[in-house]
>>> print(open('coords04.csv').read())   # CSV, C-alpha atoms
chain,number,residue,atom,x,y,z
A,5,MET,CA,29.1,41.6,-33.1
A,6,LEU,CA,32.8,42.4,-33.1
A,7,CYS,CA,33.5,38.7,-32.7
A,8,VAL,CA,31.5,37.9,-35.8
A,9,LEU,CA,33.3,40.5,-37.9
A,10,LYS,CA,36.6,39.2,-36.7
A,11,THR,CA,35.7,35.6,-37.7
A,12,MET,CA,34.3,36.7,-41.1
A,13,SER,CA,37.6,38.5,-41.9
A,14,SER,CA,39.3,35.1,-42.2
A,15,PHE,CA,36.6,33.7,-44.5
A,16,ASP,CA,38.0,32.4,-47.8
A,17,PRO,CA,35.2,32.0,-50.4
A,18,ASP,CA,37.4,30.0,-52.8
A,19,LYS,CA,38.3,27.5,-50.1
A,20,PHE,CA,34.6,27.3,-49.0
A,21,LEU,CA,33.3,26.7,-52.6
A,22,ASN,CA,36.0,24.0,-53.3
A,23,GLU,CA,35.7,22.1,-50.0
A,24,PRO,CA,33.4,19.1,-50.2
A,25,ILE,CA,30.7,19.2,-47.6
A,26,TYR,CA,29.7,15.5,-47.5
A,27,ALA,CA,26.4,15.8,-45.6
A,28,LEU,CA,25.2,18.6,-47.8
A,29,ASP,CA,26.3,16.9,-51.0
A,30,PHE,CA,24.5,13.7,-50.0
A,31,GLY,CA,21.4,15.7,-48.9
A,32,PHE,CA,21.3,17.4,-52.3
A,33,MET,CA,21.6,14.0,-54.1
A,34,VAL,CA,18.8,12.4,-52.1
A,35,GLY,CA,16.7,15.6,-52.5
A,36,ASP,CA,17.2,15.3,-56.3
A,37,VAL,CA,16.0,11.7,-56.2
A,38,GLU,CA,12.9,12.7,-54.3
A,39,ASP,CA,12.3,15.6,-56.7
A,40,PHE,CA,12.7,13.2,-59.7
A,41,LEU,CA,10.2,10.8,-58.2
A,42,GLU,CA,7.6,13.5,-57.5
A,43,PHE,CA,8.0,15.1,-60.9
A,44,SER,CA,7.9,11.8,-62.8
A,45,GLU,CA,4.9,10.5,-61.0
A,46,SER,CA,3.0,13.7,-61.5
A,47,ASN,CA,4.0,13.7,-65.2
A,48,VAL,CA,2.8,10.1,-65.6
A,49,GLU,CA,-0.5,11.1,-64.0
A,50,TRP,CA,-0.9,14.1,-66.3
A,51,GLN,CA,-0.1,11.9,-69.4
A,52,PHE,CA,-2.7,9.4,-68.2
A,53,ARG,CA,-5.4,12.1,-68.0
A,54,ARG,CA,-4.3,13.3,-71.5
A,55,GLU,CA,-4.6,9.8,-72.9
A,56,MET,CA,-8.0,9.2,-71.4
A,57,ILE,CA,-9.3,12.5,-72.9
A,58,SER,CA,-7.9,11.5,-76.3
A,59,VAL,CA,-9.8,8.2,-76.1
A,60,GLN,CA,-13.0,10.0,-75.1
A,61,ARG,CA,-12.7,12.4,-78.0
A,62,GLN,CA,-12.1,9.5,-80.5
A,63,ALA,CA,-15.1,7.7,-79.1
A,64,ALA,CA,-17.3,10.8,-79.2
A,65,SER,CA,-16.4,11.3,-82.9
A,66,ASP,CA,-17.5,7.7,-83.7
A,67,ALA,CA,-14.0,6.9,-85.0
A,68,LEU,CA,-13.7,3.8,-82.9
A,69,GLU,CA,-15.2,0.4,-83.5
A,70,PRO,CA,-17.4,-1.1,-80.8
A,71,GLY,CA,-15.4,-2.4,-77.9
A,72,TYR,CA,-12.2,-0.7,-79.0
A,73,LYS,CA,-12.7,2.2,-76.6
A,74,GLU,CA,-12.6,-0.2,-73.7
A,75,HIS,CA,-9.5,-1.8,-75.1
A,76,LEU,CA,-7.7,1.6,-75.4
A,77,GLU,CA,-8.8,2.5,-71.8
A,78,THR,CA,-7.6,-0.8,-70.4
A,79,ASN,CA,-4.2,-0.4,-72.2
A,80,ALA,CA,-3.9,3.2,-71.0
A,81,LYS,CA,-4.7,2.2,-67.4
A,82,HIS,CA,-2.2,-0.6,-67.4
A,83,ARG,CA,0.5,1.6,-69.0
A,84,PHE,CA,0.0,4.7,-66.8
A,85,LYS,CA,-1.1,3.1,-63.5
A,86,VAL,CA,1.2,0.0,-63.5
A,87,SER,CA,4.0,-0.2,-66.0
A,88,LEU,CA,5.3,3.4,-66.1
A,89,PRO,CA,5.1,4.1,-62.3
A,90,LEU,CA,7.0,0.8,-61.7
A,91,ARG,CA,9.7,1.9,-64.1
A,92,VAL,CA,9.9,5.4,-62.5
A,93,ARG,CA,10.2,4.0,-59.0
A,94,TYR,CA,12.8,1.5,-60.2
A,95,ALA,CA,14.8,4.4,-61.7
A,96,ALA,CA,14.5,6.4,-58.5
A,97,LEU,CA,15.7,3.3,-56.5
A,98,VAL,CA,18.7,3.0,-58.7
A,99,ALA,CA,19.4,6.7,-58.3
A,100,LEU,CA,19.1,6.5,-54.5
A,101,ILE,CA,21.4,3.4,-54.3
A,102,THR,CA,23.9,5.1,-56.6
A,103,SER,CA,23.9,8.2,-54.4
A,104,VAL,CA,24.5,6.2,-51.3
A,105,GLU,CA,27.3,4.3,-53.0
A,106,TRP,CA,29.0,7.5,-54.2
A,107,ALA,CA,28.8,8.9,-50.7
A,108,ILE,CA,30.2,5.8,-49.1
A,109,VAL,CA,33.0,5.6,-51.6
A,110,LEU,CA,33.9,9.2,-51.1
A,111,VAL,CA,33.8,9.0,-47.3
A,112,VAL,CA,35.8,5.7,-47.2
A,113,GLY,CA,38.4,7.1,-49.5
A,114,ARG,CA,38.9,10.2,-47.3
A,115,LEU,CA,38.8,8.3,-44.0
A,116,ARG,CA,41.0,5.3,-45.0
A,117,VAL,CA,43.4,4.4,-42.3
A,118,LEU,CA,46.2,1.9,-43.1
A,119,LEU,CA,46.4,-0.6,-40.4
A,120,PRO,CA,49.7,-2.3,-39.7
A,121,GLU,CA,50.0,-5.7,-41.1
A,122,LYS,CA,50.6,-8.6,-38.8
A,123,PRO,CA,53.7,-10.7,-39.7
A,124,LYS,CA,52.9,-14.1,-41.1
A,125,ASN,CA,53.2,-17.1,-38.7
A,126,ALA,CA,53.1,-14.8,-35.6
A,127,ASN,CA,50.6,-15.6,-32.9
A,128,ALA,CA,48.6,-12.8,-31.5
A,129,THR,CA,48.3,-12.3,-27.7
A,130,VAL,CA,45.0,-13.9,-26.5
A,131,PHE,CA,45.4,-13.3,-22.8
A,132,PHE,CA,46.8,-10.2,-21.2
A,133,ASP,CA,48.3,-12.1,-18.3
A,134,ASP,CA,48.3,-15.5,-16.6
A,135,GLU,CA,45.3,-14.7,-14.4
A,136,ASP,CA,43.2,-13.8,-17.5
A,137,ARG,CA,44.2,-17.2,-18.9
A,138,GLN,CA,43.3,-19.1,-15.7
A,139,THR,CA,39.9,-17.3,-15.6
A,140,TYR,CA,39.2,-18.4,-19.1
A,141,LEU,CA,40.1,-22.0,-18.4
A,142,LYS,CA,37.8,-22.1,-15.3
A,143,VAL,CA,34.9,-20.8,-17.3
A,144,LEU,CA,35.6,-23.3,-20.1
A,145,ALA,CA,35.8,-26.1,-17.6
A,146,GLY,CA,32.5,-25.0,-16.1
A,147,TYR,CA,30.7,-25.1,-19.5
A,148,ALA,CA,32.3,-28.4,-20.4
A,149,GLN,CA,31.1,-30.0,-17.1
A,150,ARG,CA,27.6,-28.4,-17.6
A,151,TYR,CA,27.2,-29.9,-21.1
A,152,HIS,CA,29.0,-33.1,-20.4
A,153,LEU,CA,32.0,-32.4,-22.7
A,154,SER,CA,35.5,-33.6,-22.3
A,155,ILE,CA,38.4,-31.4,-23.3
A,156,ARG,CA,41.6,-32.9,-24.6
A,157,ALA,CA,44.7,-30.8,-24.9
>>> encode(input="coords04.csv", output="structure tokens")
Amino acid sequence: MLCVLKTMSSFDPDKFLNEPIYALDFGFMVGDVEDFLEFSESNVEWQFRREMISVQRQAASDALEPGYKEHLETNAKHRFKVSLPLRVRYAALVALITSVEWAIVLVVGRLRVLLPEKPKNANATVFFDDEDRQTYLKVLAGYAQRYHLSIRA
């Protein structure tokens, strides 16, 4: 317990609140996308039920012409079972992709390491020593013989 109190005495709440915690930030963004999708789909379902009740009430009051009730029901089914869920899922997909892109850009920006540039017209070392080169040439000659190839240097 004494060790915990000693560690807590060096805790800086300002630094903690201002320090980005990438895994948590990404987790919150993905969680928000999931919440958006669940909320939107349940809202679309609720709106569908409300629309079907409205059509039933209009039909019960004889305010609709024959065949028009079926037309309204078909339109509502297509709108609330196909069109709107498709748009909601597309919006959730865009939000998810955007969250992933933001996380990648943030991490790459923080972890960027500048590599030294190779001078132009400078050959890189391919073999560490002459023995390495000889081994490569033997393997190459073996494959050339196996596949009936000739090598011209």
>>> atom_distance(input="coords04.csv", atom1="atom CA of A:Ile108", atom2="atom CA of A:Glu38")
19.3 Å
>>> residues_around(input="coords04.csv", residues="A:Lys81", least_positions_apart="6", cutoff="10 Å", atoms="all atoms listed in the file", output="PyMOL selection string")
chain A and resi 52-53+55-56+75+87
>>> closest_residue(input="coords04.csv", among="A:Leu100, A:Leu41, A:Leu68, A:Val48", to="A:Ala80", atoms="all atoms listed in the file")
A:Val48
>>> residues_around(input="coords04.csv", residues="A:Ile101", least_positions_apart="6", cutoff="10 Å", atoms="only C-alpha atoms", output="list of chain:residue names")
A:Val34, A:Ala95, A:Ala107
>>> atom_distance(input="coords04.csv", atom1="atom CA of A:Asp66", atom2="atom CA of A:Arg54")
18.8 Å
